[in-house]
file data03.json (JSON, C-alpha atoms and all ligand atoms)
[["chain", "number", "residue", "atom", "x", "y", "z"],
["T", 294, "MET", "CA", -7.35, -38.57, -24.34],
["T", 295, "GLU", "CA", -5.45, -36.73, -21.61],
["T", 296, "ILE", "CA", -2.05, -35.05, -21.54],
["T", 297, "LYS", "CA", -0.08, -37.07, -19.05],
["T", 298, "SER", "CA", 3.32, -35.54, -19.62],
["T", 299, "ALA", "CA", 4.59, -32.36, -21.19],
["T", 300, "ASP", "CA", 8.21, -31.30, -21.47],
["T", 301, "PHE", "CA", 9.99, -28.45, -23.15],
["T", 302, "VAL", "CA", 12.33, -29.85, -25.79],
["T", 303, "THR", "CA", 14.04, -26.96, -27.54],
["T", 304, "SER", "CA", 13.82, -23.49, -29.08],
["T", 305, "MET", "CA", 15.25, -22.77, -32.47],
["T", 306, "ALA", "CA", 15.33, -20.16, -35.18],
["T", 307, "ASP", "CA", 16.04, -22.64, -37.95],
["T", 308, "TYR", "CA", 13.96, -25.79, -38.25],
["T", 309, "GLY", "CA", 16.89, -27.39, -40.05],
["T", 310, "ASP", "CA", 18.62, -27.52, -36.64],
["T", 311, "PHE", "CA", 15.92, -29.70, -35.11],
["T", 312, "THR", "CA", 17.37, -33.04, -34.11],
["T", 313, "GLY", "CA", 14.15, -34.51, -32.71],
["T", 314, "LYS", "CA", 12.44, -35.33, -35.97],
["T", 315, "GLY", "CA", 10.45, -38.53, -36.32],
["T", 316, "LEU", "CA", 7.49, -37.95, -34.03],
["T", 317, "PRO", "CA", 4.22, -36.49, -35.35],
["T", 318, "GLN", "CA", 3.82, -32.75, -34.90],
["T", 319, "ILE", "CA", 0.94, -30.41, -34.19],
["T", 320, "ALA", "CA", 1.74, -26.73, -34.58],
["T", 321, "VAL", "CA", 0.13, -23.75, -32.88],
["T", 322, "ALA", "CA", -0.09, -20.52, -34.87],
["T", 323, "GLY", "CA", -1.57, -17.13, -34.20],
["T", 324, "LYS", "CA", -0.91, -13.50, -33.74],
["T", 325, "SER", "CA", 0.94, -12.28, -30.69],
["T", 326, "ASN", "CA", -1.25, -12.04, -27.61],
["T", 327, "VAL", "CA", -3.95, -14.26, -29.05],
["T", 328, "GLY", "CA", -3.42, -16.68, -26.17],
["T", 329, "LYS", "CA", -1.04, -19.26, -27.60],
["T", 330, "SER", "CA", 1.01, -19.74, -24.44],
["T", 331, "THR", "CA", -2.12, -19.77, -22.31],
["T", 332, "LEU", "CA", -3.68, -22.48, -24.49],
["T", 333, "ILE", "CA", -0.56, -24.64, -24.37],
["T", 334, "ASN", "CA", -0.31, -24.27, -20.59],
["T", 335, "LYS", "CA", -4.00, -25.04, -20.10],
["T", 336, "LEU", "CA", -3.89, -28.00, -22.44],
["T", 337, "CYS", "CA", -0.92, -29.46, -20.56],
["T", 338, "ARG", "CA", -2.19, -28.33, -17.15],
["T", 339, "ARG", "CA", 1.11, -26.64, -16.51],
["T", 340, "ASN", "CA", 1.31, -23.01, -15.50],
["T", 341, "LYS", "CA", 4.65, -22.10, -16.93],
["T", 342, "LEU", "CA", 5.41, -24.56, -19.67],
["T", 343, "ALA", "CA", 5.00, -21.93, -22.37],
["T", 344, "ARG", "CA", 5.69, -18.40, -21.30],
["T", 345, "THR", "CA", 2.82, -15.94, -21.46],
["T", 346, "SER", "CA", 2.87, -12.37, -22.67],
["T", 347, "SER", "CA", 6.14, -12.36, -24.52],
["T", 348, "THR", "CA", 7.34, -8.86, -25.27],
["T", 349, "PRO", "CA", 7.45, -7.48, -28.79],
["T", 350, "GLY", "CA", 10.84, -7.32, -30.40],
["T", 351, "LYS", "CA", 12.18, -10.34, -28.56],
["T", 352, "THR", "CA", 13.78, -12.91, -30.81],
["T", 353, "ARG", "CA", 11.03, -15.12, -32.03],
["T", 354, "LEU", "CA", 11.69, -18.82, -32.14],
["T", 355, "LEU", "CA", 10.00, -22.13, -32.73],
["T", 356, "ASN", "CA", 9.41, -23.73, -29.35],
["T", 357, "VAL", "CA", 8.99, -27.48, -29.25],
["T", 358, "PHE", "CA", 7.27, -29.46, -26.50],
["T", 359, "LEU", "CA", 7.03, -33.22, -26.16],
["T", 360, "LEU", "CA", 3.56, -34.36, -25.06],
["T", 361, "ASN", "CA", 2.77, -37.83, -23.76],
["T", 362, "GLU", "CA", 6.13, -38.91, -25.18],
["T", 363, "GLU", "CA", 4.09, -39.33, -28.31],
["T", 364, "PHE", "CA", 4.03, -36.11, -30.32],
["T", 365, "HIS", "CA", 5.65, -32.71, -30.61],
["T", 366, "LEU", "CA", 3.65, -29.57, -30.08],
["T", 367, "VAL", "CA", 5.36, -26.79, -32.01],
["T", 368, "ASP", "CA", 4.67, -23.27, -30.81],
["T", 369, "LEU", "CA", 5.22, -21.05, -33.84],
["T", 370, "PRO", "CA", 6.38, -17.47, -33.33],
["T", 371, "GLY", "CA", 3.45, -15.07, -33.02],
["T", 372, "TYR", "CA", 2.86, -12.68, -35.87],
["T", 373, "GLY", "CA", 1.34, -9.27, -36.27],
["T", 374, "PHE", "CA", 3.35, -7.14, -33.89],
["T", 375, "ALA", "CA", 2.49, -3.58, -34.89],
["T", 376, "LYS", "CA", 5.99, -2.41, -34.14],
["T", 377, "VAL", "CA", 8.10, -4.80, -36.14],
["T", 378, "ASP", "CA", 9.79, -3.49, -39.26],
["T", 379, "LYS", "CA", 9.66, -4.92, -42.75],
["T", 380, "LYS", "CA", 12.90, -6.83, -42.36],
["T", 381, "GLU", "CA", 11.63, -8.58, -39.24],
["T", 382, "LYS", "CA", 8.38, -9.45, -41.02],
["T", 383, "GLN", "CA", 10.32, -10.93, -43.92],
["T", 384, "ARG", "CA", 12.43, -12.94, -41.51],
["T", 385, "TRP", "CA", 9.25, -14.29, -39.89],
["T", 386, "GLY", "CA", 7.80, -15.16, -43.31],
["T", 387, "GLN", "CA", 10.93, -17.01, -44.32],
["T", 388, "MET", "CA", 10.97, -18.88, -41.05],
["T", 389, "MET", "CA", 7.37, -20.02, -41.53],
["T", 390, "GLN", "CA", 7.92, -20.98, -45.15],
["T", 391, "ASP", "CA", 11.00, -22.93, -44.13],
["T", 392, "TYR", "CA", 9.18, -24.69, -41.30],
["T", 393, "PHE", "CA", 6.09, -25.60, -43.30],
["T", 394, "THR", "CA", 8.09, -26.90, -46.25],
["T", 395, "LYS", "CA", 10.50, -28.94, -44.15],
["T", 396, "ALA", "CA", 8.24, -30.30, -41.40],
["T", 397, "ASP", "CA", 7.29, -33.63, -42.93],
["T", 398, "GLU", "CA", 5.95, -34.81, -39.58],
["T", 399, "LEU", "CA", 3.44, -31.94, -39.33],
["T", 400, "LEU", "CA", -0.09, -33.34, -39.15],
["T", 401, "HIS", "CA", -2.20, -30.36, -38.22],
["T", 402, "VAL", "CA", -2.06, -26.67, -37.36],
["T", 403, "LEU", "CA", -4.12, -25.04, -34.63],
["T", 404, "CYS", "CA", -4.86, -21.53, -35.90],
["T", 405, "LEU", "CA", -5.73, -19.29, -33.00],
["T", 406, "VAL", "CA", -7.85, -16.17, -33.37],
["T", 407, "ASP", "CA", -9.33, -13.99, -30.62],
["T", 408, "ILE", "CA", -13.09, -14.63, -30.57],
["T", 409, "ARG", "CA", -13.73, -10.91, -30.09],
["T", 410, "HIS", "CA", -11.89, -9.68, -33.16],
["T", 411, "GLU", "CA", -12.24, -10.09, -36.87],
["T", 412, "PRO", "CA", -9.26, -11.94, -38.32],
["T", 413, "THR", "CA", -6.48, -9.62, -39.45],
["T", 414, "GLU", "CA", -4.74, -9.56, -42.82],
["T", 415, "ASP", "CA", -1.98, -11.65, -41.21],
["T", 416, "ASP", "CA", -4.52, -14.25, -40.05],
["T", 417, "LYS", "CA", -5.99, -14.42, -43.51],
["T", 418, "GLN", "CA", -2.56, -14.72, -45.07],
["T", 419, "MET", "CA", -1.70, -17.63, -42.77],
["T", 420, "ASN", "CA", -5.02, -19.24, -43.70],
["T", 421, "ARG", "CA", -4.35, -18.87, -47.44],
["T", 422, "PHE", "CA", -0.84, -20.17, -46.98],
["T", 423, "LEU", "CA", -2.01, -23.34, -45.20],
["T", 424, "ARG", "CA", -4.67, -23.95, -47.83],
["T", 425, "GLU", "CA", -2.17, -23.47, -50.65],
["T", 426, "MET", "CA", 0.23, -25.90, -49.00],
["T", 427, "ASP", "CA", -2.59, -28.33, -48.31],
["T", 428, "ILE", "CA", -1.82, -28.43, -44.59],
["T", 429, "PRO", "CA", -4.81, -29.45, -42.45],
["T", 430, "PHE", "CA", -5.76, -26.93, -39.78],
["T", 431, "SER", "CA", -8.44, -26.07, -37.26],
["T", 432, "VAL", "CA", -9.49, -22.63, -36.14],
["T", 433, "ILE", "CA", -9.51, -22.10, -32.38],
["T", 434, "ALA", "CA", -11.36, -19.04, -31.09],
["T", 435, "THR", "CA", -9.53, -18.02, -27.90],
["T", 436, "LYS", "CA", -10.64, -16.04, -24.85],
["T", 437, "ALA", "CA", -14.15, -17.50, -25.18],
["T", 438, "ASP", "CA", -14.82, -16.62, -21.52],
["T", 439, "LYS", "CA", -15.02, -12.98, -22.62],
["T", 440, "ILE", "CA", -18.17, -13.70, -24.64],
["T", 441, "SER", "CA", -21.31, -15.31, -23.25],
["T", 442, "ARG", "CA", -22.24, -18.66, -24.73],
["T", 443, "GLY", "CA", -25.37, -17.24, -26.35],
["T", 444, "ALA", "CA", -23.50, -14.44, -28.09],
["T", 445, "ARG", "CA", -20.69, -16.57, -29.47],
["T", 446, "SER", "CA", -22.26, -17.45, -32.81],
["T", 447, "LYS", "CA", -22.57, -13.74, -33.59],
["T", 448, "TYR", "CA", -18.83, -13.36, -32.99],
["T", 449, "LEU", "CA", -17.94, -16.48, -34.93],
["T", 450, "ALA", "CA", -19.71, -15.33, -38.10],
["T", 451, "PRO", "CA", -17.04, -12.83, -39.27],
["T", 452, "ILE", "CA", -14.30, -15.33, -38.38],
["T", 453, "CYS", "CA", -16.02, -17.96, -40.52],
["T", 454, "ARG", "CA", -16.35, -15.52, -43.41],
["T", 455, "ALA", "CA", -12.74, -14.35, -43.25],
["T", 456, "LEU", "CA", -11.22, -17.82, -42.93],
["T", 457, "SER", "CA", -13.77, -19.78, -45.00],
["T", 458, "VAL", "CA", -14.67, -22.24, -42.25],
["T", 459, "GLN", "CA", -17.99, -23.39, -40.82],
["T", 460, "PRO", "CA", -18.98, -22.38, -37.27],
["T", 461, "TRP", "CA", -19.14, -26.00, -36.10],
["T", 462, "GLU", "CA", -15.55, -26.50, -37.22],
["T", 463, "ILE", "CA", -14.32, -23.86, -34.78],
["T", 464, "ILE", "CA", -13.36, -24.75, -31.21],
["T", 465, "CYS", "CA", -14.16, -22.02, -28.72],
["T", 466, "PHE", "CA", -11.42, -22.12, -26.08],
["T", 467, "SER", "CA", -10.72, -20.41, -22.80],
["T", 468, "GLY", "CA", -7.59, -20.63, -20.73],
["T", 469, "GLU", "CA", -9.53, -19.00, -17.90],
["T", 470, "ASP", "CA", -12.35, -21.49, -17.39],
["T", 471, "GLY", "CA", -11.26, -24.47, -19.50],
["T", 472, "THR", "CA", -13.97, -24.09, -22.15],
["T", 473, "GLY", "CA", -13.09, -26.20, -25.17],
["T", 474, "ARG", "CA", -10.25, -28.14, -23.55],
["T", 475, "GLU", "CA", -12.09, -31.44, -24.01],
["T", 476, "ASP", "CA", -12.88, -30.56, -27.64],
["T", 477, "LEU", "CA", -9.25, -29.72, -28.26],
["T", 478, "LEU", "CA", -8.09, -33.00, -26.70],
["T", 479, "ASN", "CA", -10.58, -34.88, -28.88],
["T", 480, "LEU", "CA", -9.30, -33.09, -31.96],
["T", 481, "ILE", "CA", -5.69, -33.93, -31.10],
["T", 482, "ASP", "CA", -6.65, -37.54, -30.45],
["T", 483, "LYS", "CA", -8.37, -37.73, -33.82],
["T", 484, "VAL", "CA", -5.44, -36.09, -35.61],
["T", 485, "LEU", "CA", -2.91, -38.44, -34.02],
["T", 486, "HIS", "CA", -4.87, -41.65, -34.23],
["T", 487, "ALA", "CA", -6.92, -41.26, -37.39],
["H", 1, "LIG", "P1", 0.47, -15.34, -26.73],
["H", 1, "LIG", "O1", 1.28, -14.11, -27.02],
["H", 1, "LIG", "O2", -0.36, -15.73, -27.91],
["H", 1, "LIG", "O3", 1.28, -16.49, -26.18],
["H", 1, "LIG", "O4", -0.62, -14.91, -25.65],
["H", 1, "LIG", "P2", -0.68, -15.19, -24.07],
["H", 1, "LIG", "O5", -1.04, -16.60, -23.78],
["H", 1, "LIG", "O6", 0.57, -14.65, -23.47],
["H", 1, "LIG", "O7", -1.92, -14.29, -23.67],
["H", 1, "LIG", "C1", -1.95, -12.89, -23.92],
["H", 1, "LIG", "C2", -2.85, -12.22, -22.92],
["H", 1, "LIG", "O8", -4.19, -12.68, -23.07],
["H", 1, "LIG", "C3", -2.48, -12.51, -21.46],
["H", 1, "LIG", "O9", -2.69, -11.34, -20.71],
["H", 1, "LIG", "C4", -3.43, -13.61, -21.07],
["H", 1, "LIG", "O10", -3.71, -13.61, -19.68],
["H", 1, "LIG", "C5", -4.67, -13.26, -21.87],
["H", 1, "LIG", "N1", -5.42, -14.49, -22.20],
["H", 1, "LIG", "C6", -4.96, -15.56, -22.89],
["H", 1, "LIG", "N2", -5.91, -16.51, -23.01],
["H", 1, "LIG", "C7", -6.99, -16.05, -22.35],
["H", 1, "LIG", "C8", -8.32, -16.58, -22.12],
["H", 1, "LIG", "O11", -8.68, -17.69, -22.54],
["H", 1, "LIG", "N3", -9.18, -15.78, -21.43],
["H", 1, "LIG", "C9", -8.83, -14.54, -20.98],
["H", 1, "LIG", "N4", -9.76, -13.84, -20.33],
["H", 1, "LIG", "N5", -7.60, -14.02, -21.17],
["H", 1, "LIG", "C10", -6.69, -14.75, -21.86]]

call {"tool": "encode", "arguments": {"input": "data03.json", "output": "structure tokens"}}
result
Amino acid sequence: MEIKSADFVTSMADYGDFTGKGLPQIAVAGKSNVGKSTLINKLCRRNKLARTSSTPGKTRLLNVFLLNEEFHLVDLPGYGFAKVDKKEKQRWGQMMQDYFTKADELLHVLCLVDIRHEPTEDDKQMNRFLREMDIPFSVIATKADKISRGARSKYLAPICRALSVQPWEIICFSGEDGTGREDLLNLIDKVLHA
């Protein structure tokens, strides 16, 4: 599979406003700065499709992209900003709950974690939430170029423990050198055409 076309569709705070329902969806979740925008850009081979390094405090929205005129890639607002207050966290939680309960077309969630860091409480909470809601997901370990191939399994171990996944289920990805892009495309292909 290859991504032949990628277009920005819309941004929204409330999934109820989405008028483009009907196509299958794959969502991308992860904490701010984990490399969500970079992964989307690399996947689509477009430099500026998703913005990188969004600043904390900016209104967080669901961003929807149409890929191959076949499915929607939904970029979920990043979580875990140290500076956000309780109210903002609650708003984020409600937004996620609302999205995950209403998105009937959602097939799979790509859960991004930085390969170098142990998953945070927020990562674990997202993981529990997806399991409770029975939503299929895959863990993507980002910034894999920062860790040599030989050392990766050592870094994956705590991620596996925290998120209850097996190392072979994790895709190591790098927006820098393209590591894991093929694996990610294969996963998407499988999810869409299973
Ligand atoms: P987002 O907030 O999750 O959308 O994260 P971004 O895609 O904006 O990335 C946050 C920072 O991490 C930026 O400075 C990126 O250049 C850097 N980054 C993202 N992905 C990679 C990667 O695969 N390798 C390296 N070395 N840096 C990355």

call {"tool": "residues_near_ligand", "arguments": {"input": "data03.json", "ligand": "ligand LIG 1 (chain H)", "cutoff": "8 Å", "atoms": "only C-alpha atoms and all ligand atoms", "output": "ChimeraX atom specification"}}
result
/T:323-332,343-347,371,435-439,466-471

call {"tool": "atom_distance", "arguments": {"input": "data03.json", "atom1": "atom CA of T:Asp415", "atom2": "atom CA of T:Lys447"}}
result
22.1 Å

call {"tool": "atom_distance", "arguments": {"input": "data03.json", "atom1": "atom CA of T:Ser457", "atom2": "atom CA of T:Val321"}}
result
18.9 Å

call {"tool": "residues_around", "arguments": {"input": "data03.json", "residues": "stretch 419-430 of chain T", "least_positions_apart": "5", "cutoff": "12 Å", "atoms": "all atoms listed in the file", "output": "VMD selection string"}}
result
chain T and resid 318 to 324 369 371 to 373 385 to 386 389 to 390 392 to 406 412 to 414 452 to 458 462 to 464 480 to 481 484

call {"tool": "atom_distance", "arguments": {"input": "data03.json", "atom1": "atom CA of T:Pro317", "atom2": "atom CA of T:Lys483"}}
result
12.7 Å

call {"tool": "closest_residue", "arguments": {"input": "data03.json", "among": "T:Ile433, T:Tyr448, T:Lys297, T:Gln387", "to": "T:Asp476", "atoms": "only C-alpha atoms"}}
result
T:Ile433

call {"tool": "axis_aligned_box", "arguments": {"input": "data03.json", "around": "stretch 420-432 of chain T", "padding_each_side": "3 Å", "output": "AutoDock Vina command-line options"}}
result
--center_x -4.6 --center_y -24.2 --center_z -43.4 --size_x 15.7 --size_y 16.6 --size_z 20.5

call {"tool": "closest_residue", "arguments": {"input": "data03.json", "among": "T:Lys341, T:Glu362, T:Ser441, T:Phe374", "to": "T:Gly313", "atoms": "only C-alpha atoms"}}
result
T:Glu362

call {"tool": "closest_residue", "arguments": {"input": "data03.json", "among": "T:Ala487, T:Leu478, T:Leu342, T:Ile440", "to": "T:Ala299", "atoms": "only C-alpha atoms"}}
result
T:Leu342

call {"tool": "closest_residue", "arguments": {"input": "data03.json", "among": "T:Met388, T:Ala450, T:Met294, T:Ala306", "to": "T:Leu336", "atoms": "only C-alpha atoms"}}
result
T:Met294

call {"tool": "closest_residue", "arguments": {"input": "data03.json", "among": "T:Cys465, T:Gly473, T:Arg353, T:Ile408", "to": "T:Glu381", "atoms": "all atoms listed in the file"}}
result
T:Arg353

call {"tool": "decode", "arguments": {"input": "data03.json", "residues": "stretch 405-449 of chain T", "atoms": "C-alpha atoms", "output": "CSV table (one decimal), in the first residue's frame"}}
result
chain,number,residue,atom,x,y,z
T,405,LEU,CA,2.3,6.9,19.9
T,406,VAL,CA,4.9,6.8,22.7
T,407,ASP,CA,8.5,8.1,22.6
T,408,ILE,CA,10.8,5.1,22.4
T,409,ARG,CA,13.2,6.7,24.9
T,410,HIS,CA,10.7,7.3,27.7
T,411,GLU,CA,8.6,5.1,29.9
T,412,PRO,CA,4.9,5.6,29.2
T,413,THR,CA,3.4,8.3,31.4
T,414,GLU,CA,0.2,8.0,33.6
T,415,ASP,CA,-1.6,9.7,30.7
T,416,ASP,CA,-0.4,7.1,28.2
T,417,LYS,CA,-1.5,4.3,30.5
T,418,GLN,CA,-4.8,5.9,31.0
T,419,MET,CA,-5.4,6.2,27.3
T,420,ASN,CA,-4.4,2.5,27.0
T,421,ARG,CA,-6.8,1.4,29.7
T,422,PHE,CA,-9.5,3.5,28.1
T,423,LEU,CA,-9.1,1.9,24.7
T,424,ARG,CA,-9.1,-1.6,26.2
T,425,GLU,CA,-12.2,-0.8,28.2
T,426,MET,CA,-14.0,0.5,25.1
T,427,ASP,CA,-12.7,-2.5,23.1
T,428,ILE,CA,-11.1,-0.3,20.5
T,429,PRO,CA,-8.3,-2.0,18.6
T,430,PHE,CA,-5.0,-0.1,18.8
T,431,SER,CA,-1.3,-0.5,18.0
T,432,VAL,CA,1.6,1.1,19.9
T,433,ILE,CA,4.0,3.1,17.8
T,434,ALA,CA,7.4,3.9,19.3
T,435,THR,CA,8.5,7.2,17.8
T,436,LYS,CA,11.9,8.8,17.3
T,437,ALA,CA,13.4,5.4,16.8
T,438,ASP,CA,16.4,7.0,15.1
T,439,LYS,CA,17.5,8.2,18.5
T,440,ILE,CA,18.2,4.6,19.6
T,441,SER,CA,20.4,2.2,17.8
T,442,ARG,CA,18.7,-0.9,16.4
T,443,GLY,CA,20.5,-3.2,18.8
T,444,ALA,CA,19.5,-1.2,21.8
T,445,ARG,CA,15.8,-0.9,20.9
T,446,SER,CA,14.5,-4.0,22.6
T,447,LYS,CA,15.9,-2.7,25.9
T,448,TYR,CA,13.9,0.4,25.5
T,449,LEU,CA,10.8,-1.4,24.4
